[in-house]
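Structure data (PDB, N, CA and C atoms) from query_30.pdb:
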```pdb
ATOM      1  N   MET J   1     -10.823  -6.192   3.709
ATOM      2  CA  MET J   1     -10.041  -7.381   3.422
ATOM      3  C   MET J   1      -9.565  -8.008   4.734
ATOM      4  N   ASN J   2      -9.501  -9.310   4.757
ATOM      5  CA  ASN J   2      -8.948  -9.991   5.918
ATOM      6  C   ASN J   2      -7.504 -10.408   5.610
ATOM      7  N   LEU J   3      -6.828 -10.972   6.597
ATOM      8  CA  LEU J   3      -5.422 -11.324   6.442
ATOM      9  C   LEU J   3      -5.201 -12.304   5.302
ATOM     10  N   ASN J   4      -6.067 -13.293   5.159
ATOM     11  CA  ASN J   4      -5.910 -14.261   4.063
ATOM     12  C   ASN J   4      -6.030 -13.591   2.700
ATOM     13  N   ASP J   5      -6.981 -12.680   2.555
ATOM     14  CA  ASP J   5      -7.147 -11.948   1.287
ATOM     15  C   ASP J   5      -5.908 -11.114   0.987
ATOM     16  N   VAL J   6      -5.385 -10.463   2.013
ATOM     17  CA  VAL J   6      -4.194  -9.621   1.840
ATOM     18  C   VAL J   6      -3.018 -10.471   1.378
ATOM     19  N   LYS J   7      -2.756 -11.570   2.076
ATOM     20  CA  LYS J   7      -1.625 -12.435   1.720
ATOM     21  C   LYS J   7      -1.783 -13.007   0.313
ATOM     22  N   LYS J   8      -3.007 -13.370  -0.043
ATOM     23  CA  LYS J   8      -3.259 -13.923  -1.375
ATOM     24  C   LYS J   8      -2.972 -12.878  -2.444
ATOM     25  N   THR J   9      -3.447 -11.662  -2.238
ATOM     26  CA  THR J   9      -3.227 -10.595  -3.210
ATOM     27  C   THR J   9      -1.740 -10.291  -3.349
ATOM     28  N   ILE J  10      -1.033 -10.183  -2.224
ATOM     29  CA  ILE J  10       0.404  -9.890  -2.267
ATOM     30  C   ILE J  10       1.159 -11.015  -2.961
ATOM     31  N   GLY J  11       0.717 -12.240  -2.772
ATOM     32  CA  GLY J  11       1.362 -13.381  -3.413
ATOM     33  C   GLY J  11       1.095 -13.491  -4.896
ATOM     34  N   GLU J  12      -0.060 -13.012  -5.340
ATOM     35  CA  GLU J  12      -0.456 -13.173  -6.742
ATOM     36  C   GLU J  12      -0.083 -11.986  -7.629
ATOM     37  N   LYS J  13      -0.044 -10.810  -7.070
ATOM     38  CA  LYS J  13       0.188  -9.600  -7.864
ATOM     39  C   LYS J  13       1.637  -9.134  -7.705
ATOM     40  N   PRO J  14       2.264  -8.657  -8.782
ATOM     41  CA  PRO J  14       3.666  -8.246  -8.675
ATOM     42  C   PRO J  14       3.880  -6.973  -7.861
ATOM     43  N   LEU J  15       2.953  -6.053  -7.924
ATOM     44  CA  LEU J  15       3.058  -4.783  -7.200
ATOM     45  C   LEU J  15       1.755  -4.517  -6.469
ATOM     46  N   VAL J  16       1.846  -4.334  -5.158
ATOM     47  CA  VAL J  16       0.650  -4.105  -4.350
ATOM     48  C   VAL J  16       0.912  -2.933  -3.406
ATOM     49  N   LEU J  17       0.018  -1.953  -3.443
ATOM     50  CA  LEU J  17       0.059  -0.840  -2.504
ATOM     51  C   LEU J  17      -1.063  -1.064  -1.497
ATOM     52  N   MET J  18      -0.692  -1.190  -0.231
ATOM     53  CA  MET J  18      -1.678  -1.433   0.813
ATOM     54  C   MET J  18      -1.755  -0.222   1.733
ATOM     55  N   VAL J  19      -2.964   0.235   1.979
ATOM     56  CA  VAL J  19      -3.209   1.300   2.941
ATOM     57  C   VAL J  19      -3.968   0.682   4.110
ATOM     58  N   ILE J  20      -3.356   0.755   5.298
ATOM     59  CA  ILE J  20      -3.999   0.269   6.513
ATOM     60  C   ILE J  20      -4.502   1.497   7.259
ATOM     61  N   LYS J  21      -5.788   1.501   7.578
ATOM     62  CA  LYS J  21      -6.408   2.701   8.140
ATOM     63  C   LYS J  21      -7.441   2.357   9.190
ATOM     64  N   THR J  22      -7.954   3.386   9.844
ATOM     65  CA  THR J  22      -9.056   3.209  10.782
ATOM     66  C   THR J  22     -10.276   3.937  10.226
ATOM     67  N   GLY J  23     -11.427   3.556  10.706
ATOM     68  CA  GLY J  23     -12.672   4.101  10.181
ATOM     69  C   GLY J  23     -12.949   5.544  10.548
ATOM     70  N   GLN J  24     -12.434   5.996  11.665
ATOM     71  CA  GLN J  24     -12.725   7.350  12.142
ATOM     72  C   GLN J  24     -11.515   8.275  12.016
ATOM     73  N   CYS J  25     -10.749   8.124  10.959
ATOM     74  CA  CYS J  25      -9.507   8.879  10.785
ATOM     75  C   CYS J  25      -9.596   9.715   9.509
ATOM     76  N   GLY J  26      -9.690  11.019   9.674
ATOM     77  CA  GLY J  26      -9.770  11.915   8.524
ATOM     78  C   GLY J  26      -8.521  11.880   7.664
ATOM     79  N   VAL J  27      -7.358  11.807   8.300
ATOM     80  CA  VAL J  27      -6.102  11.727   7.553
ATOM     81  C   VAL J  27      -6.063  10.440   6.728
ATOM     82  N   CYS J  28      -6.550   9.342   7.319
ATOM     83  CA  CYS J  28      -6.582   8.062   6.612
ATOM     84  C   CYS J  28      -7.427   8.156   5.341
ATOM     85  N   GLU J  29      -8.586   8.795   5.459
ATOM     86  CA  GLU J  29      -9.471   8.954   4.299
ATOM     87  C   GLU J  29      -8.789   9.768   3.211
ATOM     88  N   SER J  30      -8.099  10.829   3.603
ATOM     89  CA  SER J  30      -7.394  11.669   2.646
ATOM     90  C   SER J  30      -6.274  10.897   1.956
ATOM     91  N   VAL J  31      -5.490  10.157   2.731
ATOM     92  CA  VAL J  31      -4.397   9.372   2.150
ATOM     93  C   VAL J  31      -4.944   8.312   1.206
ATOM     94  N   GLN J  32      -6.017   7.634   1.606
ATOM     95  CA  GLN J  32      -6.609   6.615   0.736
ATOM     96  C   GLN J  32      -7.082   7.238  -0.571
ATOM     97  N   ALA J  33      -7.758   8.377  -0.492
ATOM     98  CA  ALA J  33      -8.267   9.034  -1.702
ATOM     99  C   ALA J  33      -7.119   9.450  -2.616
ATOM    100  N   LYS J  34      -6.055   9.993  -2.056
ATOM    101  CA  LYS J  34      -4.920  10.418  -2.867
ATOM    102  C   LYS J  34      -4.171   9.219  -3.441
ATOM    103  N   ALA J  35      -4.082   8.145  -2.684
ATOM    104  CA  ALA J  35      -3.456   6.923  -3.190
ATOM    105  C   ALA J  35      -4.270   6.352  -4.347
ATOM    106  N   ALA J  36      -5.587   6.380  -4.226
ATOM    107  CA  ALA J  36      -6.453   5.881  -5.299
ATOM    108  C   ALA J  36      -6.253   6.691  -6.575
ATOM    109  N   ILE J  37      -6.110   8.004  -6.439
ATOM    110  CA  ILE J  37      -5.863   8.849  -7.608
ATOM    111  C   ILE J  37      -4.509   8.510  -8.229
ATOM    112  N   MET J  38      -3.491   8.305  -7.391
ATOM    113  CA  MET J  38      -2.168   7.924  -7.903
ATOM    114  C   MET J  38      -2.228   6.611  -8.668
ATOM    115  N   LEU J  39      -2.988   5.659  -8.129
ATOM    116  CA  LEU J  39      -3.046   4.339  -8.759
ATOM    117  C   LEU J  39      -3.720   4.374 -10.126
ATOM    118  N   GLU J  40      -4.516   5.400 -10.388
ATOM    119  CA  GLU J  40      -5.126   5.526 -11.707
ATOM    120  C   GLU J  40      -4.073   5.675 -12.795
ATOM    121  N   SER J  41      -2.930   6.266 -12.470
ATOM    122  CA  SER J  41      -1.868   6.427 -13.461
ATOM    123  C   SER J  41      -0.794   5.345 -13.337
ATOM    124  N   HIS J  42      -0.984   4.404 -12.443
ATOM    125  CA  HIS J  42      -0.058   3.272 -12.264
ATOM    126  C   HIS J  42      -0.868   1.982 -12.389
ATOM    127  N   LYS J  43      -1.207   1.634 -13.605
ATOM    128  CA  LYS J  43      -2.111   0.509 -13.865
ATOM    129  C   LYS J  43      -1.544  -0.847 -13.456
ATOM    130  N   ASP J  44      -0.210  -0.948 -13.311
ATOM    131  CA  ASP J  44       0.399  -2.224 -12.943
ATOM    132  C   ASP J  44       0.400  -2.468 -11.443
ATOM    133  N   ILE J  45      -0.045  -1.475 -10.669
ATOM    134  CA  ILE J  45      -0.025  -1.586  -9.210
ATOM    135  C   ILE J  45      -1.440  -1.811  -8.698
ATOM    136  N   THR J  46      -1.602  -2.847  -7.888
ATOM    137  CA  THR J  46      -2.892  -3.175  -7.287
ATOM    138  C   THR J  46      -3.002  -2.475  -5.936
ATOM    139  N   GLY J  47      -4.085  -1.786  -5.712
ATOM    140  CA  GLY J  47      -4.311  -1.118  -4.437
ATOM    141  C   GLY J  47      -5.266  -1.913  -3.565
ATOM    142  N   ILE J  48      -4.919  -2.063  -2.285
ATOM    143  CA  ILE J  48      -5.817  -2.712  -1.330
ATOM    144  C   ILE J  48      -5.894  -1.844  -0.077
ATOM    145  N   TYR J  49      -7.045  -1.900   0.571
ATOM    146  CA  TYR J  49      -7.300  -1.078   1.754
ATOM    147  C   TYR J  49      -7.770  -1.978   2.876
ATOM    148  N   VAL J  50      -7.173  -1.804   4.039
ATOM    149  CA  VAL J  50      -7.469  -2.653   5.192
ATOM    150  C   VAL J  50      -7.850  -1.760   6.369
ATOM    151  N   TYR J  51      -8.993  -2.048   6.977
ATOM    152  CA  TYR J  51      -9.412  -1.339   8.189
ATOM    153  C   TYR J  51      -8.890  -2.095   9.405
ATOM    154  N   MET J  52      -8.172  -1.382  10.271
ATOM    155  CA  MET J  52      -7.628  -2.015  11.479
ATOM    156  C   MET J  52      -8.725  -2.653  12.327
ATOM    157  N   GLU J  53      -9.898  -2.017  12.380
ATOM    158  CA  GLU J  53     -10.997  -2.542  13.196
ATOM    159  C   GLU J  53     -11.521  -3.861  12.650
ATOM    160  N   ASP J  54     -11.533  -4.005  11.331
ATOM    161  CA  ASP J  54     -12.083  -5.210  10.705
ATOM    162  C   ASP J  54     -11.067  -6.338  10.598
ATOM    163  N   ALA J  55      -9.798  -5.986  10.513
ATOM    164  CA  ALA J  55      -8.754  -7.000  10.333
ATOM    165  C   ALA J  55      -7.550  -6.693  11.220
ATOM    166  N   PRO J  56      -7.730  -6.759  12.545
ATOM    167  CA  PRO J  56      -6.603  -6.461  13.430
ATOM    168  C   PRO J  56      -5.429  -7.418  13.228
ATOM    169  N   ASP J  57      -5.718  -8.653  12.784
ATOM    170  CA  ASP J  57      -4.633  -9.603  12.535
ATOM    171  C   ASP J  57      -3.772  -9.163  11.355
ATOM    172  N   ALA J  58      -4.375  -8.525  10.351
ATOM    173  CA  ALA J  58      -3.610  -8.021   9.206
ATOM    174  C   ALA J  58      -2.732  -6.850   9.642
ATOM    175  N   ALA J  59      -3.303  -5.948  10.432
ATOM    176  CA  ALA J  59      -2.514  -4.819  10.941
ATOM    177  C   ALA J  59      -1.351  -5.332  11.781
ATOM    178  N   SER J  60      -1.596  -6.331  12.591
ATOM    179  CA  SER J  60      -0.548  -6.907  13.435
ATOM    180  C   SER J  60       0.507  -7.620  12.595
ATOM    181  N   GLU J  61       0.082  -8.378  11.619
ATOM    182  CA  GLU J  61       1.006  -9.125  10.747
ATOM    183  C   GLU J  61       2.007  -8.193  10.065
ATOM    184  N   TYR J  62       1.538  -7.021   9.669
ATOM    185  CA  TYR J  62       2.393  -6.077   8.945
ATOM    186  C   TYR J  62       2.892  -4.936   9.837
ATOM    187  N   LEU J  63       2.796  -5.140  11.158
ATOM    188  CA  LEU J  63       3.334  -4.203  12.150
ATOM    189  C   LEU J  63       2.871  -2.774  11.919
ATOM    190  N   ALA J  64       1.579  -2.630  11.667
ATOM    191  CA  ALA J  64       0.985  -1.309  11.479
ATOM    192  C   ALA J  64       0.430  -0.844  12.822
ATOM    193  N   PHE J  65       1.196  -0.012  13.500
ATOM    194  CA  PHE J  65       0.808   0.453  14.827
ATOM    195  C   PHE J  65       0.232   1.856  14.809
ATOM    196  N   ALA J  66       0.282   2.513  13.664
ATOM    197  CA  ALA J  66      -0.264   3.858  13.511
ATOM    198  C   ALA J  66      -1.099   3.894  12.241
ATOM    199  N   ALA J  67      -2.045   4.793  12.226
ATOM    200  CA  ALA J  67      -2.885   4.928  11.035
ATOM    201  C   ALA J  67      -2.716   6.343  10.486
ATOM    202  N   PRO J  68      -2.623   6.473   9.197
ATOM    203  CA  PRO J  68      -2.533   5.415   8.194
ATOM    204  C   PRO J  68      -1.115   4.850   8.087
ATOM    205  N   THR J  69      -1.037   3.613   7.642
ATOM    206  CA  THR J  69       0.234   2.992   7.271
ATOM    207  C   THR J  69       0.112   2.585   5.808
ATOM    208  N   VAL J  70       1.095   2.984   5.017
ATOM    209  CA  VAL J  70       1.117   2.687   3.589
ATOM    210  C   VAL J  70       2.300   1.771   3.320
ATOM    211  N   LEU J  71       2.035   0.646   2.679
ATOM    212  CA  LEU J  71       3.075  -0.337   2.374
ATOM    213  C   LEU J  71       3.052  -0.655   0.888
ATOM    214  N   LEU J  72       4.228  -0.758   0.290
ATOM    215  CA  LEU J  72       4.339  -1.200  -1.100
ATOM    216  C   LEU J  72       5.071  -2.527  -1.111
ATOM    217  N   PHE J  73       4.491  -3.492  -1.813
ATOM    218  CA  PHE J  73       5.103  -4.814  -1.963
ATOM    219  C   PHE J  73       5.484  -5.010  -3.419
ATOM    220  N   TYR J  74       6.708  -5.487  -3.608
ATOM    221  CA  TYR J  74       7.219  -5.790  -4.944
ATOM    222  C   TYR J  74       7.598  -7.264  -4.951
ATOM    223  N   GLU J  75       6.895  -8.032  -5.766
ATOM    224  CA  GLU J  75       7.093  -9.475  -5.851
ATOM    225  C   GLU J  75       7.052 -10.139  -4.471
ATOM    226  N   GLY J  76       6.075  -9.705  -3.663
ATOM    227  CA  GLY J  76       5.823 -10.324  -2.376
ATOM    228  C   GLY J  76       6.628  -9.789  -1.208
ATOM    229  N   LYS J  77       7.553  -8.866  -1.476
ATOM    230  CA  LYS J  77       8.398  -8.333  -0.399
ATOM    231  C   LYS J  77       8.085  -6.862  -0.159
ATOM    232  N   GLU J  78       8.057  -6.485   1.104
ATOM    233  CA  GLU J  78       7.832  -5.085   1.441
ATOM    234  C   GLU J  78       9.051  -4.271   1.025
ATOM    235  N   VAL J  79       8.814  -3.213   0.237
ATOM    236  CA  VAL J  79       9.914  -2.382  -0.245
ATOM    237  C   VAL J  79       9.761  -0.920   0.158
ATOM    238  N   TYR J  80       8.605  -0.558   0.697
ATOM    239  CA  TYR J  80       8.377   0.827   1.112
ATOM    240  C   TYR J  80       7.354   0.842   2.234
ATOM    241  N   ARG J  81       7.584   1.736   3.198
ATOM    242  CA  ARG J  81       6.661   1.879   4.327
ATOM    243  C   ARG J  81       6.613   3.340   4.740
ATOM    244  N   ALA J  82       5.417   3.826   4.963
ATOM    245  CA  ALA J  82       5.215   5.156   5.534
ATOM    246  C   ALA J  82       4.070   5.028   6.529
ATOM    247  N   ALA J  83       4.252   5.620   7.685
ATOM    248  CA  ALA J  83       3.216   5.550   8.709
ATOM    249  C   ALA J  83       2.952   6.934   9.274
ATOM    250  N   ARG J  84       1.679   7.183   9.496
ATOM    251  CA  ARG J  84       1.188   8.419  10.098
ATOM    252  C   ARG J  84       1.371   9.629   9.189
ATOM    253  N   PHE J  85       2.609   9.976   8.871
ATOM    254  CA  PHE J  85       2.883  11.123   7.996
ATOM    255  C   PHE J  85       3.356  10.589   6.649
ATOM    256  N   VAL J  86       2.467  10.574   5.676
ATOM    257  CA  VAL J  86       2.767  10.007   4.365
ATOM    258  C   VAL J  86       3.134  11.144   3.418
ATOM    259  N   ARG J  87       4.366  11.114   2.941
ATOM    260  CA  ARG J  87       4.808  12.123   1.974
ATOM    261  C   ARG J  87       4.373  11.656   0.585
ATOM    262  N   LEU J  88       3.375  12.302   0.044
ATOM    263  CA  LEU J  88       2.778  11.855  -1.209
ATOM    264  C   LEU J  88       3.732  11.999  -2.390
ATOM    265  N   ASP J  89       4.588  13.019  -2.386
ATOM    266  CA  ASP J  89       5.563  13.159  -3.467
ATOM    267  C   ASP J  89       6.561  12.004  -3.452
ATOM    268  N   GLU J  90       6.977  11.606  -2.273
ATOM    269  CA  GLU J  90       7.878  10.465  -2.132
ATOM    270  C   GLU J  90       7.187   9.174  -2.576
ATOM    271  N   LEU J  91       5.942   8.998  -2.175
ATOM    272  CA  LEU J  91       5.179   7.810  -2.567
ATOM    273  C   LEU J  91       5.050   7.737  -4.085
ATOM    274  N   GLU J  92       4.736   8.837  -4.728
ATOM    275  CA  GLU J  92       4.617   8.865  -6.194
ATOM    276  C   GLU J  92       5.938   8.455  -6.844
ATOM    277  N   TYR J  93       7.038   8.966  -6.329
ATOM    278  CA  TYR J  93       8.361   8.630  -6.866
ATOM    279  C   TYR J  93       8.639   7.130  -6.728
ATOM    280  N   VAL J  94       8.376   6.583  -5.559
ATOM    281  CA  VAL J  94       8.628   5.162  -5.304
ATOM    282  C   VAL J  94       7.744   4.289  -6.197
ATOM    283  N   LEU J  95       6.479   4.643  -6.336
ATOM    284  CA  LEU J  95       5.583   3.879  -7.213
ATOM    285  C   LEU J  95       6.115   3.860  -8.637
ATOM    286  N   THR J  96       6.549   5.010  -9.121
ATOM    287  CA  THR J  96       7.071   5.115 -10.488
ATOM    288  C   THR J  96       8.309   4.250 -10.663
ATOM    289  N   GLN J  97       9.228   4.300  -9.698
ATOM    290  CA  GLN J  97      10.469   3.538  -9.795
ATOM    291  C   GLN J  97      10.205   2.031  -9.826
ATOM    292  N   TYR J  98       9.350   1.549  -8.955
ATOM    293  CA  TYR J  98       9.090   0.112  -8.917
ATOM    294  C   TYR J  98       8.258  -0.353 -10.107
ATOM    295  N   GLU J  99       7.355   0.470 -10.575
ATOM    296  CA  GLU J  99       6.581   0.088 -11.754
ATOM    297  C   GLU J  99       7.497  -0.003 -12.965
ATOM    298  N   GLU J 100       8.416   0.939 -13.116
ATOM    299  CA  GLU J 100       9.376   0.882 -14.232
ATOM    300  C   GLU J 100      10.276  -0.332 -14.118
ATOM    301  N   ALA J 101      10.734  -0.642 -12.906
ATOM    302  CA  ALA J 101      11.592  -1.809 -12.692
ATOM    303  C   ALA J 101      10.862  -3.092 -13.060
ATOM    304  N   TRP J 102       9.586  -3.175 -12.688
ATOM    305  CA  TRP J 102       8.811  -4.379 -13.000
ATOM    306  C   TRP J 102       8.611  -4.513 -14.515
ATOM    307  N   ARG J 103       8.336  -3.425 -15.189
ATOM    308  CA  ARG J 103       8.143  -3.472 -16.648
ATOM    309  C   ARG J 103       9.416  -3.881 -17.372
ATOM    310  N   GLU J 104      10.557  -3.419 -16.877
ATOM    311  CA  GLU J 104      11.832  -3.739 -17.506
ATOM    312  C   GLU J 104      12.306  -5.158 -17.186
ATOM    313  N   GLY J 105      11.893  -5.644 -16.004
ATOM    314  CA  GLY J 105      12.425  -6.915 -15.522
ATOM    315  C   GLY J 105      11.730  -8.100 -16.009
TER     316      GLY J 105
END
```
Show this structure as structure tokens.
Amino acid sequence: MNLNDVKKTIGEKPLVLMVIKTGQCGVCESVQAKAAIMLESHKDITGIYVYMEDAPDAASEYLAFAAPTVLLFYEGKEVYRAARFVRLDELEYVLTQYEEAWREG
């Protein structure tokens, strides 16, 4: 995805989980795979993946200086960020809380 695609998706979808990664990063691949599995049980959340090499402007726009960087957007605003060391239990909790808030709101 390029920066325009990212901004469009964040603007159109109520909940977006973005993983910014590099192509030669084993941890990034693991985080992306685990995030994809999490998103299977969170149907209201759109997942997008951005490679720093392909879209350096997107990484710069969202201040992603380490890989992987995981960002959650709720109604266009960043509400969660984890970089380098992603606590998957914490991410699951945050996804659940925001998905419930969106359904209720």
Distance query range 80-83 of chain J at most 5 Å, all atoms listed in the file, self and fewer than 2 positions along chain excluded, as a list of chain:residue names: J:Pro68, J:Thr69, J:Val70, J:Leu71, J:Leu72, J:Glu78, J:Phe85
Neighbour list for Leu88 in chain J as a count of residues only, cut-off 8 Å, only N, CA and C atoms, skip fewer than 4 positions in-chain: 5
Nearby residues (only C-alpha atoms) at most 12 Å from Glu12 in chain J, same-chain spacing under 4 positions excluded, as a VMD selection string: chain J and resid 5 to 8 16 45 to 46 73 to 77
How would the residues just picked look written out with N, CA and C atoms as a CSV table (one decimal), in the coordinates of the input?
```
chain,number,residue,atom,x,y,z
J,5,ASP,N,-7.0,-12.7,2.6
J,5,ASP,CA,-7.1,-11.9,1.3
J,5,ASP,C,-5.9,-11.1,1.0
J,6,VAL,N,-5.4,-10.5,2.0
J,6,VAL,CA,-4.2,-9.6,1.8
J,6,VAL,C,-3.0,-10.5,1.4
J,7,LYS,N,-2.8,-11.6,2.1
J,7,LYS,CA,-1.6,-12.4,1.7
J,7,LYS,C,-1.8,-13.0,0.3
J,8,LYS,N,-3.0,-13.4,0.0
J,8,LYS,CA,-3.3,-13.9,-1.4
J,8,LYS,C,-3.0,-12.9,-2.4
J,16,VAL,N,1.8,-4.3,-5.2
J,16,VAL,CA,0.6,-4.1,-4.4
J,16,VAL,C,0.9,-2.9,-3.4
J,45,ILE,N,0.0,-1.5,-10.7
J,45,ILE,CA,0.0,-1.6,-9.2
J,45,ILE,C,-1.4,-1.8,-8.7
J,46,THR,N,-1.6,-2.8,-7.9
J,46,THR,CA,-2.9,-3.2,-7.3
J,46,THR,C,-3.0,-2.5,-5.9
J,73,PHE,N,4.5,-3.5,-1.8
J,73,PHE,CA,5.1,-4.8,-2.0
J,73,PHE,C,5.5,-5.0,-3.4
J,74,TYR,N,6.7,-5.5,-3.6
J,74,TYR,CA,7.2,-5.8,-4.9
J,74,TYR,C,7.6,-7.3,-5.0
J,75,GLU,N,6.9,-8.0,-5.8
J,75,GLU,CA,7.1,-9.5,-5.9
J,75,GLU,C,7.1,-10.1,-4.5
J,76,GLY,N,6.1,-9.7,-3.7
J,76,GLY,CA,5.8,-10.3,-2.4
J,76,GLY,C,6.6,-9.8,-1.2
J,77,LYS,N,7.6,-8.9,-1.5
J,77,LYS,CA,8.4,-8.3,-0.4
J,77,LYS,C,8.1,-6.9,-0.2
```
Box in all listed atoms of range 6-16 of chain J, axis-aligned, with 3 Å more on each side; write out centre and edge lengths in Å to one decimal as lines of an AutoDock Vina configuration file.
```
center_x = -0.8
center_y = -8.4
center_z = -3.4
size_x = 15.3
size_y = 17.0
size_z = 16.9
```
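Here the question is which of J:Leu95, J:Ala67, J:Asp54, J:Val19 gets nearest to Leu3 in chain J using all atoms listed in the file, and that residue is J:Asp54.
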Test item, helix (DSSP H, G or I) assignment across range 27-59 of chain J, answer as a ChimeraX atom specification: /J:27-40,56-59
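DSSP, applied to the backbone of this structure, assigns strand (DSSP E or B) to the following residues of chain J: J:Leu15, J:Val16, J:Leu17, J:Met18, J:Val19, J:Ile20, J:Lys21, J:Thr46, J:Gly47, J:Ile48, J:Tyr49, J:Val50, J:Tyr51, J:Thr69, J:Val70, J:Leu71, J:Leu72, J:Phe73, J:Tyr74, J:Lys77, J:Glu78, J:Val79, J:Tyr80, J:Arg81, J:Ala82, J:Ala83.
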